[in-house]
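Trainee: Quick one: structure below, then a few questions.
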Amino acid sequence: MTINKNMRIGELLTFENANLIAAALMNSGMHCLGCPASQMETLEEACMVHGLDCDVLVSQLNELLSGAPAEE
């Protein structure tokens, strides 16, 4: 799986290793993952709201997942 900036936050949180994705998003400053409205935002939209560089975050997430063992 490769994450891209057009994926919705809600979609990302259903993926394998969702706990790693959620932790990385929270650590980047996105503390609103449980908000119903945030579930429909794309990663790019959420980054704009939080003043984050989406390309950097996408790269970090993909790097994190590339070395993570799959959840069971």
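Please note that chains go A, B, ... in the order of the structure tokens, that every chain numbers its residues from 1, and that ligands are numbered from 1 in the order shown.
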Just want the 8 Å neighbourhood of range 43-48 of chain A, counted on only C-alpha atoms, with same-chain residues fewer than 5 positions away dropped. Output as a PyMOL selection string.

Mentor: chain A and resi 4-9+30+38+53-54

Trainee: Taking only C-alpha atoms into account, name the residue in A:Asp55, A:Leu61, A:Ser66, A:Thr2 that is nearest to Ile21 in chain A.

Mentor: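 So, comparing all the options, the nearest one is A:Leu61.
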
Trainee: May I ask for the distance between CA of Glu63 in chain A and CA of Gly34 in chain A, given in Å to one decimal place?

Mentor: 24.0 Å

Trainee: So which bits of chain A end up helix (DSSP H, G or I) when you DSSP the backbone, as a VMD selection string?

Mentor: chain A and resid 9 to 12 18 to 27 36 to 40 43 to 50 54 to 66

Trainee: How would the residues just chosen look if you wrote them out with N, CA and C atoms as a compact mmCIF listing (two decimals), in the first residue's frame?

Mentor:
# COMPACT_ATOMS: atom_id res chain seq x y z
N ILE A 9 -8.76 10.84 5.35
CA ILE A 9 -8.29 10.46 6.69
C ILE A 9 -9.02 9.19 7.15
N GLY A 10 -10.34 9.14 6.96
CA GLY A 10 -11.10 7.97 7.36
C GLY A 10 -10.61 6.70 6.69
N GLU A 11 -10.22 6.81 5.43
CA GLU A 11 -9.71 5.66 4.68
C GLU A 11 -8.37 5.20 5.26
N LEU A 12 -7.50 6.16 5.57
CA LEU A 12 -6.19 5.82 6.12
C LEU A 12 -6.31 5.05 7.43
N ALA A 18 -3.04 0.78 10.86
CA ALA A 18 -3.74 2.04 11.12
C ALA A 18 -3.25 2.70 12.41
N ASN A 19 -2.83 1.89 13.38
CA ASN A 19 -2.33 2.47 14.63
C ASN A 19 -1.06 3.29 14.39
N LEU A 20 -0.20 2.83 13.48
CA LEU A 20 1.01 3.59 13.16
C LEU A 20 0.66 4.87 12.42
N ILE A 21 -0.29 4.77 11.50
CA ILE A 21 -0.73 5.95 10.75
C ILE A 21 -1.33 6.97 11.69
N ALA A 22 -2.23 6.53 12.57
CA ALA A 22 -2.87 7.43 13.52
C ALA A 22 -1.83 8.10 14.42
N ALA A 23 -0.89 7.33 14.91
CA ALA A 23 0.15 7.89 15.80
C ALA A 23 0.99 8.93 15.05
N ALA A 24 1.34 8.65 13.81
CA ALA A 24 2.13 9.59 13.02
C ALA A 24 1.35 10.87 12.75
N LEU A 25 0.07 10.74 12.44
CA LEU A 25 -0.76 11.93 12.20
C LEU A 25 -0.90 12.75 13.48
N MET A 26 -1.12 12.07 14.59
CA MET A 26 -1.23 12.78 15.88
C MET A 26 0.08 13.49 16.22
N ASN A 27 1.21 12.81 16.00
CA ASN A 27 2.51 13.41 16.30
C ASN A 27 2.81 14.61 15.40
N PRO A 36 -15.84 13.58 13.31
CA PRO A 36 -16.53 13.07 12.13
C PRO A 36 -16.20 13.84 10.85
N ALA A 37 -16.04 15.14 10.93
CA ALA A 37 -15.73 15.93 9.74
C ALA A 37 -14.35 15.58 9.18
N SER A 38 -13.40 15.28 10.04
CA SER A 38 -12.05 14.99 9.57
C SER A 38 -12.00 13.68 8.78
N GLN A 39 -12.93 12.79 9.02
CA GLN A 39 -12.93 11.50 8.34
C GLN A 39 -13.12 11.64 6.83
N MET A 40 -13.74 12.72 6.40
CA MET A 40 -14.01 12.93 4.98
C MET A 40 -12.99 13.86 4.32
N LEU A 43 -5.97 13.87 2.97
CA LEU A 43 -4.74 14.16 3.70
C LEU A 43 -4.24 15.55 3.33
N GLU A 44 -4.35 15.90 2.06
CA GLU A 44 -3.92 17.22 1.60
C GLU A 44 -4.73 18.33 2.27
N GLU A 45 -6.05 18.16 2.36
CA GLU A 45 -6.90 19.17 3.00
C GLU A 45 -6.55 19.31 4.49
N ALA A 46 -6.35 18.18 5.15
CA ALA A 46 -6.00 18.20 6.57
C ALA A 46 -4.66 18.89 6.79
N CYS A 47 -3.71 18.65 5.90
CA CYS A 47 -2.40 19.30 6.01
C CYS A 47 -2.53 20.81 5.84
N MET A 48 -3.37 21.24 4.91
CA MET A 48 -3.57 22.68 4.71
C MET A 48 -4.14 23.32 5.97
N VAL A 49 -5.12 22.66 6.59
CA VAL A 49 -5.74 23.19 7.81
C VAL A 49 -4.72 23.30 8.94
N HIS A 50 -3.81 22.35 9.00
CA HIS A 50 -2.84 22.31 10.09
C HIS A 50 -1.50 22.94 9.75
N CYS A 54 2.27 18.67 2.98
CA CYS A 54 1.66 17.37 2.70
C CYS A 54 2.64 16.40 2.06
N ASP A 55 3.46 16.89 1.16
CA ASP A 55 4.42 16.00 0.49
C ASP A 55 5.39 15.37 1.48
N VAL A 56 5.82 16.17 2.44
CA VAL A 56 6.73 15.66 3.48
C VAL A 56 6.01 14.62 4.33
N LEU A 57 4.79 14.91 4.74
CA LEU A 57 4.04 13.97 5.58
C LEU A 57 3.76 12.67 4.83
N VAL A 58 3.38 12.76 3.58
CA VAL A 58 3.14 11.55 2.78
C VAL A 58 4.41 10.71 2.70
N SER A 59 5.54 11.36 2.47
CA SER A 59 6.82 10.63 2.41
C SER A 59 7.12 9.95 3.74
N GLN A 60 6.89 10.67 4.84
CA GLN A 60 7.15 10.11 6.16
C GLN A 60 6.25 8.91 6.44
N LEU A 61 4.97 9.03 6.07
CA LEU A 61 4.04 7.92 6.30
C LEU A 61 4.42 6.70 5.48
N ASN A 62 4.76 6.91 4.22
CA ASN A 62 5.15 5.79 3.38
C ASN A 62 6.45 5.14 3.85
N GLU A 63 7.38 5.95 4.32
CA GLU A 63 8.62 5.41 4.86
C GLU A 63 8.35 4.60 6.13
N LEU A 64 7.49 5.13 6.98
CA LEU A 64 7.12 4.43 8.21
C LEU A 64 6.49 3.08 7.89
N LEU A 65 5.57 3.06 6.94
CA LEU A 65 4.87 1.82 6.61
C LEU A 65 5.76 0.83 5.87
N SER A 66 6.75 1.31 5.16
CA SER A 66 7.62 0.39 4.41
C SER A 66 8.44 -0.51 5.33
